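Engineer: Have a look at the structure that comes next, please.
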Amino acid sequence: MSELESTIVAIATPAGRGGIGIIRLSGKHALNIAQEVAHRDFQARTPHLCAWYDETGAVIDTGLTLFFPKPASYTGEDVVELQGHGSPVLLHDLLRRCIALGAVPAEAGEFTRRAVMHGCMDLSQAEAVVACIDAATVRAGKQAQKQLAGEFGNKIETLMSALTGIVAHVEACLDFPEEEIPTLFLNQLSEQLQAELIQPMQGLLATSIFGERLFSGATVAIVGAPNVGKSSLLNRLIGKNRAIVNETAGTTRDTLEVDFEVSGIPIRLVDTAGLRESNHAIEQEGIKRAKEAAAVADVVIWVMDATRDETWQYSEHYDIALANKTDLLSAPCECGVERVIPISAQTGEGIEALMQALAASLGDIGAEGEDIWVTCERHRLAIQQAMLHIENALPKLQHEAQLDLAALDLRQAWSSLGEIIGVGDVEYILDRVFSEFCIGK
Ligand SMILES: Nc1nc2c(ncn2[C@@H]2O[C@H](COP(=O)(O)OP(=O)(O)O)[C@@H](O)[C@H]2O)c(=O)[nH]1
Ligand SMILES: [Mg+2]
């Protein structure tokens with residue numbers, strides 16, 4: 001039986017107990033199997049409340065059966081959903097029954113893979129399914145929805161069809177070598193490549209730092225001398241007394257990580273031990289960890305105490321400098337550090353400005369950039385690869401003798417873009433992408 005001859009089945013709801021548990025069938029025999037399990041027939045797209053039976057005729061569970069005939073289904077095949085109780089025991093019994101009737105257990109992502117194979121969605125939309133499920137913030141979820149709707153795939157298709165047009169022109173020149181090819185025409189093609197491919201691709205790539213962080217998250221470390229208010233700042237930012245705050249220098253000895261969000265990016269916010277010379281072994285270890293945390297963080301916030309100039313000395317690599325405790329000052333702090341943001345962890349003054357600086361440091365493109373972004377490494381690498389091929393083609397377009405090589409480069413650029421939406425020879429890419437899916441999706 002070829003792959004698509006098989007009817008696949010899986011529990012589509014998460015492991016564990018819950019209100020509702022869903023078994024999903026997809027393939028030629030989905031309806032037959034459901035009919036045999038339920039001892040009855042089903043109308044398309046109509047919920048039927050019914051019982052499902054084992055081979056002895058005993059009821060396994062009761063619930064809703066939904067039949068979506070092909071091609072208007074998730075996979076493009078006949079799909080049946082058995083929506084029962086969210087009991088792992090009953091769901092596994094029902095799953096076992098479907099398998100006994102000829103269904104095969106679905107592999108990770110196989111439902112969505114079939115949807116791609118049947119043209120119900122492109123590969124970037126399939127990846128957006130995972131992005132929707134994994135989105136850790138509302139903004140990430142909104143972006144994932146746009147990608148799911150095909151907006152990213154459409155952009156890539158537009159680039160590919162522009163490229164197809166240009167390749168056709170280059171190849172037309174090759175087919176008629178005896179004709180004089182006007183330089184003007186070749187220059188036009190180069191300009192077209194610049195305007196229709198390179199520029200929009202650069203635009204897309206510029207969104208990738210923020211777009212990828214929206215899903216992969218980022219780390220922000222708070223560092224500075226002891227007692228400047230690092231732990232107080234962390235507590236202020238998350239709105240909870242999570243870190244211990246004390247007037248004793250050296251209170252925070254280990255790094256402390258909490259979840260936070262900036263501009264829709266899931267953030268791991270790290271509070272660290274104050275940096276100073278210390279003879280104490282535990283504090284030394286804390287300082288070592290603080291330095292390590294700063295080294296791997298995407299953004300380092302350096303906190304100083306506006307009232308104590310000895311805390312202004314320390315300077316390592318940092319992205320944002322803060323002068324804390326401004327509530328104790330009668331005049332603005334003049335610590336001599338450029339672009340320092342005055343704040344008070346105690347009163348909340350300056351926190352808004354800090355949030356804006358954080359958003360900027362994390363690469364937020366702002367509301368006007370609320371378009372469609374490159375949100376994963378795979379897509380970015382494919383666009384960068386396509387860009388390289390196009391850049392290779394450009395000089396060759398200036399020489400008649402190299403036009404065939406230019407056409408080859410442009411075809412490779414086309415293939416690189418095709419990898420994003422799953423066009424061309426992409427079986428190995430499908431394997432890689434779908435291996436990251438969960439079973440039942
Ligand atoms: N007046 C004032 N005191 C602060 C402020 N931030 C922190 N403190 C005090 O400074 C001391 C050290 O704070 P802490 O957060 O533990 O500093 P850390 O060692 O850098 O983590 C504590 O007594 C805090 O109450 C602030 O903005 N204003
Ligand atoms: Mg502390």
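Here's how to read the names in the structure tokens: chain A, B, ... by the order shown, residue numbers from 1 in each chain, ligand numbers from 1 in the order shown.
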Within 8 Å of ligand 2 (counting only C-alpha atoms and all ligand atoms), which residues show up? I'd like them as a PDB file with C-alpha atoms, in the first residue's frame.
Structural biologist:
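Saved file out-v7.pdb follows:
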ATOM      1  CA  PRO A 226      26.082  45.318  44.516  1.00  0.00           C
ATOM      2  CA  ASN A 227      23.151  47.210  46.021  1.00  0.00           C
ATOM      3  CA  GLY A 229      18.832  47.901  42.834  1.00  0.00           C
ATOM      4  CA  LYS A 230      19.084  45.086  40.254  1.00  0.00           C
ATOM      5  CA  SER A 231      16.772  42.782  42.158  1.00  0.00           C
ATOM      6  CA  SER A 232      14.389  45.661  42.875  1.00  0.00           C
ATOM      7  CA  ALA A 243      13.900  38.392  44.001  1.00  0.00           C
ATOM      8  CA  ILE A 244      15.076  39.080  47.544  1.00  0.00           C
ATOM      9  CA  VAL A 245      15.845  42.757  48.009  1.00  0.00           C
ATOM     10  CA  ASN A 246      18.015  43.893  50.884  1.00  0.00           C
ATOM     11  CA  GLY A 250      25.864  40.719  48.150  1.00  0.00           C
ATOM     12  CA  THR A 251      22.279  39.573  48.854  1.00  0.00           C
ATOM     13  CA  THR A 252      21.814  38.030  45.416  1.00  0.00           C
ATOM     14  CA  ARG A 253      24.420  35.303  45.039  1.00  0.00           C
ATOM     15  CA  ASP A 271      18.920  38.874  37.892  1.00  0.00           C
ATOM     16  CA  THR A 272      22.567  38.472  38.857  1.00  0.00           C
ATOM     17  CA  ALA A 273      24.933  38.865  41.776  1.00  0.00           C
ATOM     18  CA  GLY A 274      26.484  42.322  42.117  1.00  0.00           C
TER      19      GLY A 274
END
Engineer: For A:Ile365, find every residue with an atom within 10 Å (counting only C-alpha atoms), except residues of its own chain fewer than 4 positions away, and show them as a list in words.
Structural biologist: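 In the requested form, the answer reads Ala206, Thr207, Ile209, Phe210, Gly211, Ser263, Ala359, Ala360, Gly369, Glu370, Asp371 and Trp373 of chain A.
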Engineer: What lies within 12 Å of A:Leu186 using only C-alpha atoms, ignoring chain neighbours under 2 positions off, as a ChimeraX atom specification?
Structural biologist: /A:166-167,169-173,180-184,188-193,393-400,402-403,406
Engineer: Give me a file of those residues, with N, CA and C atoms, as a CSV table (one decimal), in the first residue's frame.
Structural biologist:
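The result, stored in again_28.csv:
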chain,number,residue,atom,x,y,z
A,166,ILE,N,12.0,36.6,-15.2
A,166,ILE,CA,13.3,37.1,-15.6
A,166,ILE,C,14.1,36.0,-16.2
A,167,VAL,N,14.0,34.8,-15.6
A,167,VAL,CA,14.8,33.6,-16.2
A,167,VAL,C,14.3,33.4,-17.6
A,169,HIS,N,13.3,35.5,-19.8
A,169,HIS,CA,13.9,36.4,-20.6
A,169,HIS,C,15.3,36.1,-20.9
A,170,VAL,N,16.1,35.7,-19.9
A,170,VAL,CA,17.5,35.4,-20.1
A,170,VAL,C,17.6,34.2,-21.0
A,171,GLU,N,16.7,33.2,-20.8
A,171,GLU,CA,16.8,32.0,-21.6
A,171,GLU,C,16.4,32.3,-23.0
A,172,ALA,N,15.5,33.2,-23.2
A,172,ALA,CA,15.1,33.6,-24.6
A,172,ALA,C,16.3,34.1,-25.3
A,173,CYS,N,17.1,34.9,-24.6
A,173,CYS,CA,18.3,35.4,-25.2
A,173,CYS,C,19.3,34.3,-25.6
A,180,GLU,N,21.4,39.9,-32.0
A,180,GLU,CA,22.1,40.8,-31.2
A,180,GLU,C,21.3,41.1,-29.9
A,181,ILE,N,21.8,40.9,-28.8
A,181,ILE,CA,21.1,41.2,-27.5
A,181,ILE,C,21.4,42.6,-27.1
A,182,PRO,N,20.5,43.5,-27.1
A,182,PRO,CA,20.8,44.8,-26.7
A,182,PRO,C,21.2,44.9,-25.2
A,183,THR,N,22.3,45.6,-24.9
A,183,THR,CA,22.8,45.8,-23.6
A,183,THR,C,21.7,46.4,-22.7
A,184,LEU,N,20.9,47.3,-23.4
A,184,LEU,CA,19.8,47.9,-22.6
A,184,LEU,C,18.9,46.9,-22.0
A,188,GLN,N,18.1,46.2,-18.1
A,188,GLN,CA,16.7,46.3,-17.6
A,188,GLN,C,16.5,45.1,-16.7
A,189,LEU,N,17.0,43.9,-17.2
A,189,LEU,CA,16.8,42.7,-16.4
A,189,LEU,C,17.5,42.8,-15.0
A,190,SER,N,18.7,43.4,-15.0
A,190,SER,CA,19.4,43.6,-13.7
A,190,SER,C,18.6,44.6,-12.8
A,191,GLU,N,18.1,45.6,-13.4
A,191,GLU,CA,17.3,46.6,-12.6
A,191,GLU,C,16.0,45.9,-12.1
A,192,GLN,N,15.4,45.0,-12.9
A,192,GLN,CA,14.3,44.3,-12.5
A,192,GLN,C,14.6,43.4,-11.3
A,193,LEU,N,15.7,42.7,-11.4
A,193,LEU,CA,16.2,41.8,-10.3
A,193,LEU,C,16.3,42.6,-9.0
A,393,ALA,N,24.5,36.0,-10.1
A,393,ALA,CA,24.0,36.2,-11.5
A,393,ALA,C,24.2,37.6,-12.0
A,394,LEU,N,24.1,38.6,-11.2
A,394,LEU,CA,24.2,40.0,-11.6
A,394,LEU,C,25.3,40.3,-12.6
A,395,PRO,N,26.6,40.0,-12.1
A,395,PRO,CA,27.7,40.4,-13.0
A,395,PRO,C,27.7,39.6,-14.3
A,396,LYS,N,27.2,38.3,-14.3
A,396,LYS,CA,27.1,37.5,-15.5
A,396,LYS,C,26.1,38.0,-16.5
A,397,LEU,N,25.1,38.7,-16.0
A,397,LEU,CA,24.1,39.3,-16.9
A,397,LEU,C,24.7,40.4,-17.8
A,398,GLN,N,25.9,40.8,-17.4
A,398,GLN,CA,26.5,41.9,-18.2
A,398,GLN,C,27.3,41.3,-19.4
A,399,HIS,N,27.5,40.0,-19.4
A,399,HIS,CA,28.4,39.4,-20.4
A,399,HIS,C,27.5,38.4,-21.2
A,400,GLU,N,27.4,38.6,-22.5
A,400,GLU,CA,26.6,37.7,-23.3
A,400,GLU,C,27.1,36.2,-23.2
A,402,GLN,N,28.2,34.7,-20.7
A,402,GLN,CA,27.9,34.1,-19.4
A,402,GLN,C,26.4,34.0,-19.1
A,403,LEU,N,25.6,34.3,-20.1
A,403,LEU,CA,24.2,34.4,-19.8
A,403,LEU,C,23.6,33.0,-19.4
A,406,ALA,N,24.3,32.7,-15.8
A,406,ALA,CA,23.4,33.6,-15.1
A,406,ALA,C,22.0,32.9,-14.9
Engineer: With only C-alpha atoms as the counted atoms, please give the residues lying no more than 8 Å from stretch 153-160 of chain A, apart from itself and same-chain residues fewer than 3 positions off, as a PyMOL selection string.
Structural biologist: chain A and resi 122+124-125+147+150+163-164+196-197+414+417-418+420-421
Engineer: According to DSSP computed on the backbone, where in stretch 212-400 of chain A is there strand (DSSP E or B)? Give the residues as a VMD selection string.
Structural biologist: chain A and resid 218 to 224 256 to 262 265 to 271 299 to 305 320 to 324 341 to 342
Engineer: Would you mind telling me which residue in A:Thr375, A:Thr311, A:Thr56, A:Thr62 lies nearest to ligand 1 when using only C-alpha atoms and all ligand atoms?
Structural biologist: A:Thr311
Engineer: For stretch 3-18 of chain A, please output as a ChimeraX atom specification all residues within 10 Å (counting only C-alpha atoms; exclusion window: fewer than 4 positions along the same chain).
Structural biologist: /A:22-31,33,77-83,85-89,91-92,94-96,98-99,102-108,110-111,114,117,438-441
Engineer: Just write the chosen residues, N, CA and C atoms, as a short mmCIF file (atom, residue, chain, number, x, y, z; two decimals), in the first residue's frame.
Structural biologist:
data_model
loop_
_atom_site.label_atom_id
_atom_site.label_comp_id
_atom_site.auth_asym_id
_atom_site.auth_seq_id
_atom_site.Cartn_x
_atom_site.Cartn_y
_atom_site.Cartn_z
N ILE A 22 -9.89 13.89 21.47
CA ILE A 22 -10.27 13.71 20.06
C ILE A 22 -9.36 12.72 19.35
N ILE A 23 -10.01 11.80 18.63
CA ILE A 23 -9.29 10.89 17.74
C ILE A 23 -9.57 11.34 16.32
N ARG A 24 -8.51 11.37 15.53
CA ARG A 24 -8.68 11.84 14.18
C ARG A 24 -8.26 10.75 13.20
N LEU A 25 -9.09 10.56 12.19
CA LEU A 25 -8.78 9.59 11.12
C LEU A 25 -8.69 10.35 9.81
N SER A 26 -7.74 9.97 8.96
CA SER A 26 -7.68 10.59 7.64
C SER A 26 -7.29 9.56 6.60
N GLY A 27 -8.03 9.54 5.50
CA GLY A 27 -7.69 8.62 4.42
C GLY A 27 -8.95 7.96 3.85
N LYS A 28 -8.68 7.12 2.85
CA LYS A 28 -9.77 6.47 2.10
C LYS A 28 -10.80 5.77 2.98
N HIS A 29 -10.29 5.10 4.05
CA HIS A 29 -11.19 4.25 4.83
C HIS A 29 -11.67 4.91 6.11
N ALA A 30 -11.43 6.20 6.23
CA ALA A 30 -11.78 6.89 7.48
C ALA A 30 -13.27 6.71 7.79
N LEU A 31 -14.09 6.93 6.78
CA LEU A 31 -15.54 6.85 7.03
C LEU A 31 -15.95 5.41 7.37
N ILE A 33 -14.24 3.01 8.69
CA ILE A 33 -13.79 2.63 10.03
C ILE A 33 -14.71 3.25 11.08
N GLU A 77 -8.19 14.82 2.43
CA GLU A 77 -8.73 13.46 2.31
C GLU A 77 -10.01 13.39 3.15
N ASP A 78 -10.70 12.25 3.11
CA ASP A 78 -11.80 12.06 4.04
C ASP A 78 -11.23 12.09 5.46
N VAL A 79 -11.83 12.90 6.30
CA VAL A 79 -11.38 13.00 7.70
C VAL A 79 -12.57 12.74 8.61
N VAL A 80 -12.34 11.95 9.66
CA VAL A 80 -13.37 11.77 10.68
C VAL A 80 -12.77 12.10 12.04
N GLU A 81 -13.51 12.86 12.82
CA GLU A 81 -13.08 13.14 14.19
C GLU A 81 -14.04 12.49 15.16
N LEU A 82 -13.50 11.76 16.12
CA LEU A 82 -14.30 11.18 17.19
C LEU A 82 -13.99 12.01 18.43
N GLN A 83 -14.97 12.81 18.85
CA GLN A 83 -14.74 13.72 19.98
C GLN A 83 -15.39 13.15 21.23
N HIS A 85 -14.57 11.67 25.53
CA HIS A 85 -14.10 12.20 26.80
C HIS A 85 -12.57 12.19 26.82
N GLY A 86 -12.00 13.16 27.54
CA GLY A 86 -10.54 13.27 27.56
C GLY A 86 -9.91 12.30 28.55
N SER A 87 -10.18 11.03 28.33
CA SER A 87 -9.60 10.01 29.20
C SER A 87 -8.56 9.22 28.43
N PRO A 88 -7.32 9.21 28.89
CA PRO A 88 -6.27 8.48 28.16
C PRO A 88 -6.63 7.01 27.97
N VAL A 89 -7.31 6.41 28.95
CA VAL A 89 -7.64 4.98 28.85
C VAL A 89 -8.65 4.75 27.74
N LEU A 91 -9.44 6.78 25.28
CA LEU A 91 -8.91 7.20 23.98
C LEU A 91 -8.00 6.12 23.39
N HIS A 92 -7.19 5.51 24.24
CA HIS A 92 -6.29 4.46 23.72
C HIS A 92 -7.07 3.24 23.30
N LEU A 94 -10.10 3.29 22.08
CA LEU A 94 -10.73 3.67 20.81
C LEU A 94 -9.69 3.67 19.67
N LEU A 95 -8.50 4.14 19.99
CA LEU A 95 -7.41 4.15 19.02
C LEU A 95 -7.08 2.71 18.59
N ARG A 96 -6.97 1.82 19.59
CA ARG A 96 -6.67 0.42 19.33
C ARG A 96 -7.75 -0.18 18.41
N CYS A 98 -9.66 1.40 16.21
CA CYS A 98 -9.51 1.93 14.84
C CYS A 98 -8.36 1.23 14.13
N ILE A 99 -7.29 0.95 14.86
CA ILE A 99 -6.13 0.28 14.26
C ILE A 99 -6.52 -1.15 13.89
N GLY A 102 -8.04 -1.40 10.60
CA GLY A 102 -7.23 -1.14 9.40
C GLY A 102 -6.51 0.19 9.35
N ALA A 103 -6.76 1.06 10.32
CA ALA A 103 -6.05 2.35 10.30
C ALA A 103 -4.61 2.13 10.79
N VAL A 104 -3.70 2.97 10.33
CA VAL A 104 -2.32 2.87 10.83
C VAL A 104 -2.01 4.11 11.67
N PRO A 105 -1.21 3.91 12.73
CA PRO A 105 -0.90 5.06 13.59
C PRO A 105 -0.17 6.15 12.80
N ALA A 106 -0.61 7.38 12.94
CA ALA A 106 0.00 8.49 12.19
C ALA A 106 1.37 8.81 12.75
N GLU A 107 2.24 9.24 11.86
CA GLU A 107 3.54 9.71 12.33
C GLU A 107 3.43 11.19 12.72
N ALA A 108 4.47 11.70 13.36
CA ALA A 108 4.47 13.12 13.76
C ALA A 108 4.19 14.00 12.54
N GLU A 110 1.89 13.98 10.38
CA GLU A 110 1.46 13.35 9.12
C GLU A 110 0.15 13.93 8.57
N PHE A 111 -0.74 14.36 9.46
CA PHE A 111 -1.99 14.97 8.96
C PHE A 111 -1.66 16.23 8.17
N ARG A 114 0.05 15.53 4.88
CA ARG A 114 -0.92 15.17 3.83
C ARG A 114 -1.62 16.42 3.29
N MET A 117 0.69 17.79 0.84
CA MET A 117 0.75 16.96 -0.36
C MET A 117 -0.48 17.13 -1.24
N CYS A 438 3.99 17.42 16.37
CA CYS A 438 3.52 16.43 17.32
C CYS A 438 2.63 15.43 16.60
N ILE A 439 2.46 14.28 17.22
CA ILE A 439 1.57 13.26 16.67
C ILE A 439 0.15 13.83 16.70
N GLY A 440 -0.62 13.53 15.68
CA GLY A 440 -2.03 13.97 15.69
C GLY A 440 -2.23 15.32 15.07
N LYS A 441 -1.13 15.96 14.60
CA LYS A 441 -1.27 17.27 13.96
C LYS A 441 -0.89 17.18 12.51
#
Engineer: As an exercise, work out the distance from atom CA of A:Leu123 to atom CA of A:Gln143 in Å and give it to one decimal place.
Structural biologist: 16.1 Å
Engineer: Would you please work out which residue, of A:Gln284, A:Leu174, A:Ala295, A:Ile343, is nearest to A:Ala401 when using only C-alpha atoms?
Structural biologist: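 Comparing A:Gln284, A:Leu174, A:Ala295, A:Ile343 against A:Ala401, the winner is A:Leu174.
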Engineer: Using only C-alpha atoms, which residues sit within 9 Å of A:Leu234 once same-chain residues fewer than 5 positions away are excluded, as an MDAnalysis selection string?
Structural biologist: chainID A and resid 222 229 239:243 258 269:271 345
Engineer: At what distance in Å, to one decimal, does atom CA of A:Leu381 lie from atom CA of A:Asp134?
Structural biologist: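 If I compute the distance from atom CA of A:Asp134 to atom CA of A:Leu381, I get 21.1 Å.
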Engineer: Pick out the closest residue to ligand 1 from this set: A:Val223, A:Leu405, A:Ala51, A:Ala100. Count only C-alpha atoms and all ligand atoms.
Structural biologist: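 Residue with the minimum atom-to-atom distance to ligand 1: A:Val223.
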Engineer: Write down as a ChimeraX atom specification the residues belonging to stretch 168-252 of chain A that are assigned helix (DSSP H, G or I) by DSSP computed on the backbone.
Structural biologist: /A:168-175,183-206,208-216,230-238
